[in-house]
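Undergrad: I have a structure here, written as structure tokens, and I will follow up with some questions on it.
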Amino acid sequence: MEIIFGAISGIITAMGMGGGTILILLLTIFAGLDQRAAQGINLVFFVPTSITAIIINLKNKNIDLKLGFQLAISGIFGAIIGAYISSNIDVKLLKKFFAIFLIIIAFYEIYTIYKQYIKKQISNNSNKEG
């Protein structure tokens, strides 16, 4: 089961879509781990999979290094703050925040798909008229 979880999360991570989020869900729902343990395991998982994805994307010239370094530096500070907050917050509240985060992502994705659909419809209509 763990190998399947890792493979699914690795594929999603390599595609740049937040495989860690999926891994945390799988570990909490199916493996029965609490939120903090799942997040800790996710961090261990994140480092090697991210390094692999970075190497491949560097070879394919998909990374703006200047922007990447700026984000990495600010992300380190954010990680320190986030780790402090998550280690000092009740696990039930942490789960609720994670659920809210997932709901926000879901709504954003639905909105993005809807926007693309509308754009496609407008494009199709203008092609038929022209």
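Numbering starts fresh at 1 for the residues of each chain in the structure tokens, the chains themselves are lettered A, B, ... in the order given, and ligands are numbered from 1 as they appear.
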I'd like the neighbourhood of Ser50 of chain A as a list of chain:residue names, where a residue qualifies if any of its atoms comes within 9 Å (using only C-alpha atoms), though same-chain residues fewer than 6 positions away should be ignored.
TA: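 Here the qualifying residues turn out to be A:Gly10, A:Thr13, A:Ala14.
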Undergrad: Can you write out as JSON lines which residues of segment 38-76 of chain A fall within 12 Å of segment 19-33 of chain A, alongside each residue's closest atom pair and its distance in Å to one decimal, counting only C-alpha atoms and ordering rows by chain and ascending residue number?
TA:
{"residue": "A:Ala38", "atom": "CA", "partner": "A:Ile24", "partner_atom": "CA", "distance": 5.3}
{"residue": "A:Gln39", "atom": "CA", "partner": "A:Ile24", "partner_atom": "CA", "distance": 6.2}
{"residue": "A:Gly40", "atom": "CA", "partner": "A:Ile24", "partner_atom": "CA", "distance": 9.3}
{"residue": "A:Ile41", "atom": "CA", "partner": "A:Ile24", "partner_atom": "CA", "distance": 8.3}
{"residue": "A:Asn42", "atom": "CA", "partner": "A:Gly20", "partner_atom": "CA", "distance": 5.7}
{"residue": "A:Leu43", "atom": "CA", "partner": "A:Gly20", "partner_atom": "CA", "distance": 8.0}
{"residue": "A:Val44", "atom": "CA", "partner": "A:Gly20", "partner_atom": "CA", "distance": 10.2}
{"residue": "A:Phe45", "atom": "CA", "partner": "A:Gly20", "partner_atom": "CA", "distance": 7.9}
{"residue": "A:Phe46", "atom": "CA", "partner": "A:Gly20", "partner_atom": "CA", "distance": 6.9}
{"residue": "A:Val47", "atom": "CA", "partner": "A:Gly20", "partner_atom": "CA", "distance": 10.6}
{"residue": "A:Thr49", "atom": "CA", "partner": "A:Gly19", "partner_atom": "CA", "distance": 9.5}
{"residue": "A:Ser50", "atom": "CA", "partner": "A:Gly19", "partner_atom": "CA", "distance": 10.0}
{"residue": "A:Ala53", "atom": "CA", "partner": "A:Gly19", "partner_atom": "CA", "distance": 11.7}
Undergrad: Go ahead and dump the residues you just picked, N, CA and C atoms, as a PDB file, in the first residue's frame.
TA:
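New file selection.pdb:
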ATOM      1  N   ALA A  38       1.593  12.536   9.182  1.00  0.00           N
ATOM      2  CA  ALA A  38       1.473  12.538   7.719  1.00  0.00           C
ATOM      3  C   ALA A  38       2.253  13.708   7.118  1.00  0.00           C
ATOM      4  N   GLN A  39       2.172  14.868   7.739  1.00  0.00           N
ATOM      5  CA  GLN A  39       2.902  16.026   7.239  1.00  0.00           C
ATOM      6  C   GLN A  39       4.412  15.822   7.375  1.00  0.00           C
ATOM      7  N   GLY A  40       4.842  15.213   8.453  1.00  0.00           N
ATOM      8  CA  GLY A  40       6.269  14.931   8.638  1.00  0.00           C
ATOM      9  C   GLY A  40       6.781  13.949   7.596  1.00  0.00           C
ATOM     10  N   ILE A  41       6.024  12.903   7.350  1.00  0.00           N
ATOM     11  CA  ILE A  41       6.404  11.925   6.320  1.00  0.00           C
ATOM     12  C   ILE A  41       6.427  12.605   4.961  1.00  0.00           C
ATOM     13  N   ASN A  42       5.468  13.479   4.718  1.00  0.00           N
ATOM     14  CA  ASN A  42       5.425  14.206   3.455  1.00  0.00           C
ATOM     15  C   ASN A  42       6.700  15.015   3.247  1.00  0.00           C
ATOM     16  N   LEU A  43       7.227  15.613   4.307  1.00  0.00           N
ATOM     17  CA  LEU A  43       8.447  16.406   4.177  1.00  0.00           C
ATOM     18  C   LEU A  43       9.641  15.529   3.804  1.00  0.00           C
ATOM     19  N   VAL A  44       9.714  14.335   4.388  1.00  0.00           N
ATOM     20  CA  VAL A  44      10.786  13.403   4.041  1.00  0.00           C
ATOM     21  C   VAL A  44      10.645  12.967   2.580  1.00  0.00           C
ATOM     22  N   PHE A  45       9.414  12.737   2.149  1.00  0.00           N
ATOM     23  CA  PHE A  45       9.106  12.330   0.781  1.00  0.00           C
ATOM     24  C   PHE A  45       9.418  13.461  -0.199  1.00  0.00           C
ATOM     25  N   PHE A  46       9.143  14.682   0.214  1.00  0.00           N
ATOM     26  CA  PHE A  46       9.225  15.853  -0.658  1.00  0.00           C
ATOM     27  C   PHE A  46      10.638  16.119  -1.164  1.00  0.00           C
ATOM     28  N   VAL A  47      11.625  15.994  -0.313  1.00  0.00           N
ATOM     29  CA  VAL A  47      12.992  16.380  -0.678  1.00  0.00           C
ATOM     30  C   VAL A  47      13.521  15.578  -1.877  1.00  0.00           C
ATOM     31  N   THR A  49      11.948  13.634  -4.086  1.00  0.00           N
ATOM     32  CA  THR A  49      11.118  13.735  -5.283  1.00  0.00           C
ATOM     33  C   THR A  49      11.251  15.115  -5.918  1.00  0.00           C
ATOM     34  N   SER A  50      11.370  16.141  -5.106  1.00  0.00           N
ATOM     35  CA  SER A  50      11.537  17.491  -5.639  1.00  0.00           C
ATOM     36  C   SER A  50      12.884  17.656  -6.326  1.00  0.00           C
ATOM     37  N   ALA A  53      12.609  16.066  -9.701  1.00  0.00           N
ATOM     38  CA  ALA A  53      11.820  16.904 -10.615  1.00  0.00           C
ATOM     39  C   ALA A  53      12.596  18.155 -11.012  1.00  0.00           C
TER      40      ALA A  53
END
Undergrad: When DSSP works through the backbone of this structure, what residues of segment 27-77 of chain A end up as alpha helix (DSSP H), shown as a PyMOL selection string?
TA: chain A and resi 27-29+35-59+65-77
